[in-house]
Amino acid sequence: MSVKERKERERAERERLIVVTARELAEQQGWDAVTTRRLAERIEYSQPVLYSHFRGKREIIGAVALEGATELAAAVRAATSAANSPRERVAALARAYLDFAEHNPAVYDALFQLDGGLAYAREDTPEPLKDAFAALLECLAEAAGDGVHPGLFTEVFWAALHGLATLTRAGRLLPEDAGPRVELLVDRLAVV
């Protein structure tokens with residue numbers, strides 16, 4: 001391995017450490033607790049080293065969001081691949097999405113609530129974000145119904161899931177009704 005390759009590998013490892021540490025800190029204490037000073041202390045590098053990877057917290061949030069998008073896409077695809085019918089696939093997608101939001105609140109916030117400097121729904125949208133949407137579309141296209149654009153249906157279904165995730169997390173919805181909500185959403189919105 002050349003010196004250049006070793007330095008590139010070390011740089012990638014440091015960058016990964018910053019993202020993992022930011023994510024852990026955000027999951028434990030919230031995004032307000034994630035500061036460059038605290039990150040530098042936790043990873044045992046100076047702040048200038050941290051700034052050599054990310055210009056600030058916004059870019060770190062964006063990196064966590066991209067990682068989260070990849071994980072969300074994988075979770076949705078895994079859940080829907082085991083289903084035996086279109087209705088089961090849509091219900092599995094909804095449960096996987098809501099489970100992801102519940103178990104990864106800081107990542108979910110990085111993806112959908114905070115400014116990570118990422119472009120959404122545009123030509124320059126990063127591939128992990130496009131792939132997360134594609135994971136939803138792959139399953140929901142068959143549930144859109146006649147004359148309904150699959151992408152538009154996916155956006156509406158996703159918006160409903162996001163609303164459920166956000167309201168549940170805020171304590172505005174009874175947790176014991178989570179299952180019936182998914183069933184109602186699937187039965188009333190999806191044509192399966």
# chains A, B, ... in the order shown; residues from 1 in each chain; ligands from 1
>>> closest_atom_pairs(of="region 29-142 of chain A", to="region 3-22 of chain A", cutoff="12 Å", atoms="only C-alpha atoms", output="JSON lines")
{"residue": "A:Gln29", "atom": "CA", "partner": "A:Ala22", "partner_atom": "CA", "distance": 10.3}
{"residue": "A:Gly30", "atom": "CA", "partner": "A:Ala22", "partner_atom": "CA", "distance": 9.8}
{"residue": "A:Trp31", "atom": "CA", "partner": "A:Ala22", "partner_atom": "CA", "distance": 8.4}
{"residue": "A:Asp32", "atom": "CA", "partner": "A:Ala22", "partner_atom": "CA", "distance": 10.8}
{"residue": "A:Ala33", "atom": "CA", "partner": "A:Ala22", "partner_atom": "CA", "distance": 9.2}
{"residue": "A:Val34", "atom": "CA", "partner": "A:Ala22", "partner_atom": "CA", "distance": 6.2}
{"residue": "A:Thr35", "atom": "CA", "partner": "A:Ala22", "partner_atom": "CA", "distance": 8.5}
{"residue": "A:Thr36", "atom": "CA", "partner": "A:Ala22", "partner_atom": "CA", "distance": 9.2}
{"residue": "A:Arg37", "atom": "CA", "partner": "A:Ala22", "partner_atom": "CA", "distance": 11.3}
{"residue": "A:Arg38", "atom": "CA", "partner": "A:Ala22", "partner_atom": "CA", "distance": 9.1}
{"residue": "A:Leu39", "atom": "CA", "partner": "A:Ala22", "partner_atom": "CA", "distance": 6.6}
{"residue": "A:Ala40", "atom": "CA", "partner": "A:Ile18", "partner_atom": "CA", "distance": 8.3}
{"residue": "A:Glu41", "atom": "CA", "partner": "A:Thr21", "partner_atom": "CA", "distance": 10.5}
{"residue": "A:Arg42", "atom": "CA", "partner": "A:Thr21", "partner_atom": "CA", "distance": 7.4}
{"residue": "A:Ile43", "atom": "CA", "partner": "A:Ile18", "partner_atom": "CA", "distance": 6.9}
{"residue": "A:Glu44", "atom": "CA", "partner": "A:Ile18", "partner_atom": "CA", "distance": 10.2}
{"residue": "A:Tyr45", "atom": "CA", "partner": "A:Arg14", "partner_atom": "CA", "distance": 9.1}
{"residue": "A:Ser46", "atom": "CA", "partner": "A:Arg14", "partner_atom": "CA", "distance": 11.7}
{"residue": "A:Gln47", "atom": "CA", "partner": "A:Ile18", "partner_atom": "CA", "distance": 11.1}
{"residue": "A:Val49", "atom": "CA", "partner": "A:Arg14", "partner_atom": "CA", "distance": 9.0}
{"residue": "A:Leu50", "atom": "CA", "partner": "A:Ile18", "partner_atom": "CA", "distance": 7.5}
{"residue": "A:Tyr51", "atom": "CA", "partner": "A:Glu15", "partner_atom": "CA", "distance": 10.3}
{"residue": "A:Ser52", "atom": "CA", "partner": "A:Glu15", "partner_atom": "CA", "distance": 9.4}
{"residue": "A:His53", "atom": "CA", "partner": "A:Glu15", "partner_atom": "CA", "distance": 6.3}
{"residue": "A:Phe54", "atom": "CA", "partner": "A:Glu15", "partner_atom": "CA", "distance": 8.4}
{"residue": "A:Gly56", "atom": "CA", "partner": "A:Ile18", "partner_atom": "CA", "distance": 11.4}
{"residue": "A:Lys57", "atom": "CA", "partner": "A:Ala22", "partner_atom": "CA", "distance": 9.1}
{"residue": "A:Arg58", "atom": "CA", "partner": "A:Ala22", "partner_atom": "CA", "distance": 11.4}
{"residue": "A:Glu59", "atom": "CA", "partner": "A:Val19", "partner_atom": "CA", "distance": 9.9}
{"residue": "A:Ile60", "atom": "CA", "partner": "A:Val19", "partner_atom": "CA", "distance": 6.5}
{"residue": "A:Ile61", "atom": "CA", "partner": "A:Ala22", "partner_atom": "CA", "distance": 8.2}
{"residue": "A:Gly62", "atom": "CA", "partner": "A:Val19", "partner_atom": "CA", "distance": 9.6}
{"residue": "A:Ala63", "atom": "CA", "partner": "A:Val19", "partner_atom": "CA", "distance": 6.7}
{"residue": "A:Val64", "atom": "CA", "partner": "A:Val19", "partner_atom": "CA", "distance": 6.2}
{"residue": "A:Ala65", "atom": "CA", "partner": "A:Val19", "partner_atom": "CA", "distance": 9.9}
{"residue": "A:Leu66", "atom": "CA", "partner": "A:Val19", "partner_atom": "CA", "distance": 10.5}
{"residue": "A:Glu67", "atom": "CA", "partner": "A:Val19", "partner_atom": "CA", "distance": 8.9}
{"residue": "A:Gly68", "atom": "CA", "partner": "A:Val19", "partner_atom": "CA", "distance": 11.0}
{"residue": "A:Ala106", "atom": "CA", "partner": "A:Ala22", "partner_atom": "CA", "distance": 9.7}
{"residue": "A:Val107", "atom": "CA", "partner": "A:Ala22", "partner_atom": "CA", "distance": 10.1}
{"residue": "A:Ala110", "atom": "CA", "partner": "A:Ala22", "partner_atom": "CA", "distance": 11.0}
>>> residues_around(residues="Ala91 (chain A)", least_positions_apart="4", cutoff="7 Å", atoms="only C-alpha atoms", output="list in words")
Arg87, Arg95, Val182 and Val186 of chain A
>>> write_last_selection(atoms="N, CA and C atoms", output="PDB file, in the first residue's frame")
ATOM      1  N   ARG A  87     -50.680  -6.218  -0.804  1.00  0.00           N
ATOM      2  CA  ARG A  87     -51.144  -5.608   0.442  1.00  0.00           C
ATOM      3  C   ARG A  87     -50.141  -5.837   1.563  1.00  0.00           C
ATOM      4  N   ARG A  95     -44.775  -0.419   8.166  1.00  0.00           N
ATOM      5  CA  ARG A  95     -44.228  -0.798   9.479  1.00  0.00           C
ATOM      6  C   ARG A  95     -42.718  -0.573   9.526  1.00  0.00           C
ATOM      7  N   VAL A 182     -51.719   1.779  10.710  1.00  0.00           N
ATOM      8  CA  VAL A 182     -51.089   1.230   9.503  1.00  0.00           C
ATOM      9  C   VAL A 182     -52.131   0.503   8.668  1.00  0.00           C
ATOM     10  N   VAL A 186     -53.192   1.560   4.863  1.00  0.00           N
ATOM     11  CA  VAL A 186     -53.053   0.628   3.746  1.00  0.00           C
ATOM     12  C   VAL A 186     -54.411   0.386   3.096  1.00  0.00           C
TER      13      VAL A 186
END
>>> select_by_dssp(residues="region 69-115 of chain A", states="helix (DSSP H, G or I)", output="number ranges by chain")
A: 69-81, 86-103, 105-112
>>> closest_residue(among="A:Gly171, A:Pro86, A:Gly179, A:Gly151", to="Ala121 (chain A)", atoms="only C-alpha atoms")
A:Gly151
>>> closest_residue(among="A:Arg89, A:His162, A:Arg77, A:Lys130", to="Gln113 (chain A)", atoms="only C-alpha atoms")
A:His162
>>> atom_distance(atom1="CA of Glu27 (chain A)", atom2="CA of Pro180 (chain A)")
27.9 Å
>>> residues_around(residues="Pro175 (chain A)", least_positions_apart="6", cutoff="12 Å", atoms="only C-alpha atoms", output="VMD selection string")
chain A and resid 98 102 164 to 165 167 to 169 181 to 182
>>> write_last_selection(atoms="C-alpha atoms", output="PDB file, in the first residue's frame")
ATOM      1  CA  LEU A  98     -42.341   3.737  11.150  1.00  0.00           C
ATOM      2  CA  GLU A 102     -38.972   5.222  16.069  1.00  0.00           C
ATOM      3  CA  LEU A 164     -47.652   9.381  11.616  1.00  0.00           C
ATOM      4  CA  ALA A 165     -43.982   9.100  12.583  1.00  0.00           C
ATOM      5  CA  LEU A 167     -47.007  12.859  15.546  1.00  0.00           C
ATOM      6  CA  THR A 168     -46.262   9.573  17.311  1.00  0.00           C
ATOM      7  CA  ARG A 169     -42.812  10.758  18.361  1.00  0.00           C
ATOM      8  CA  ARG A 181     -53.295   3.181  11.914  1.00  0.00           C
ATOM      9  CA  VAL A 182     -51.089   1.230   9.503  1.00  0.00           C
TER      10      VAL A 182
END
>>> residues_around(residues="Ala82 (chain A)", least_positions_apart="5", cutoff="12 Å", atoms="only C-alpha atoms", output="PyMOL selection string")
chain A and resi 75-77+88-93+96
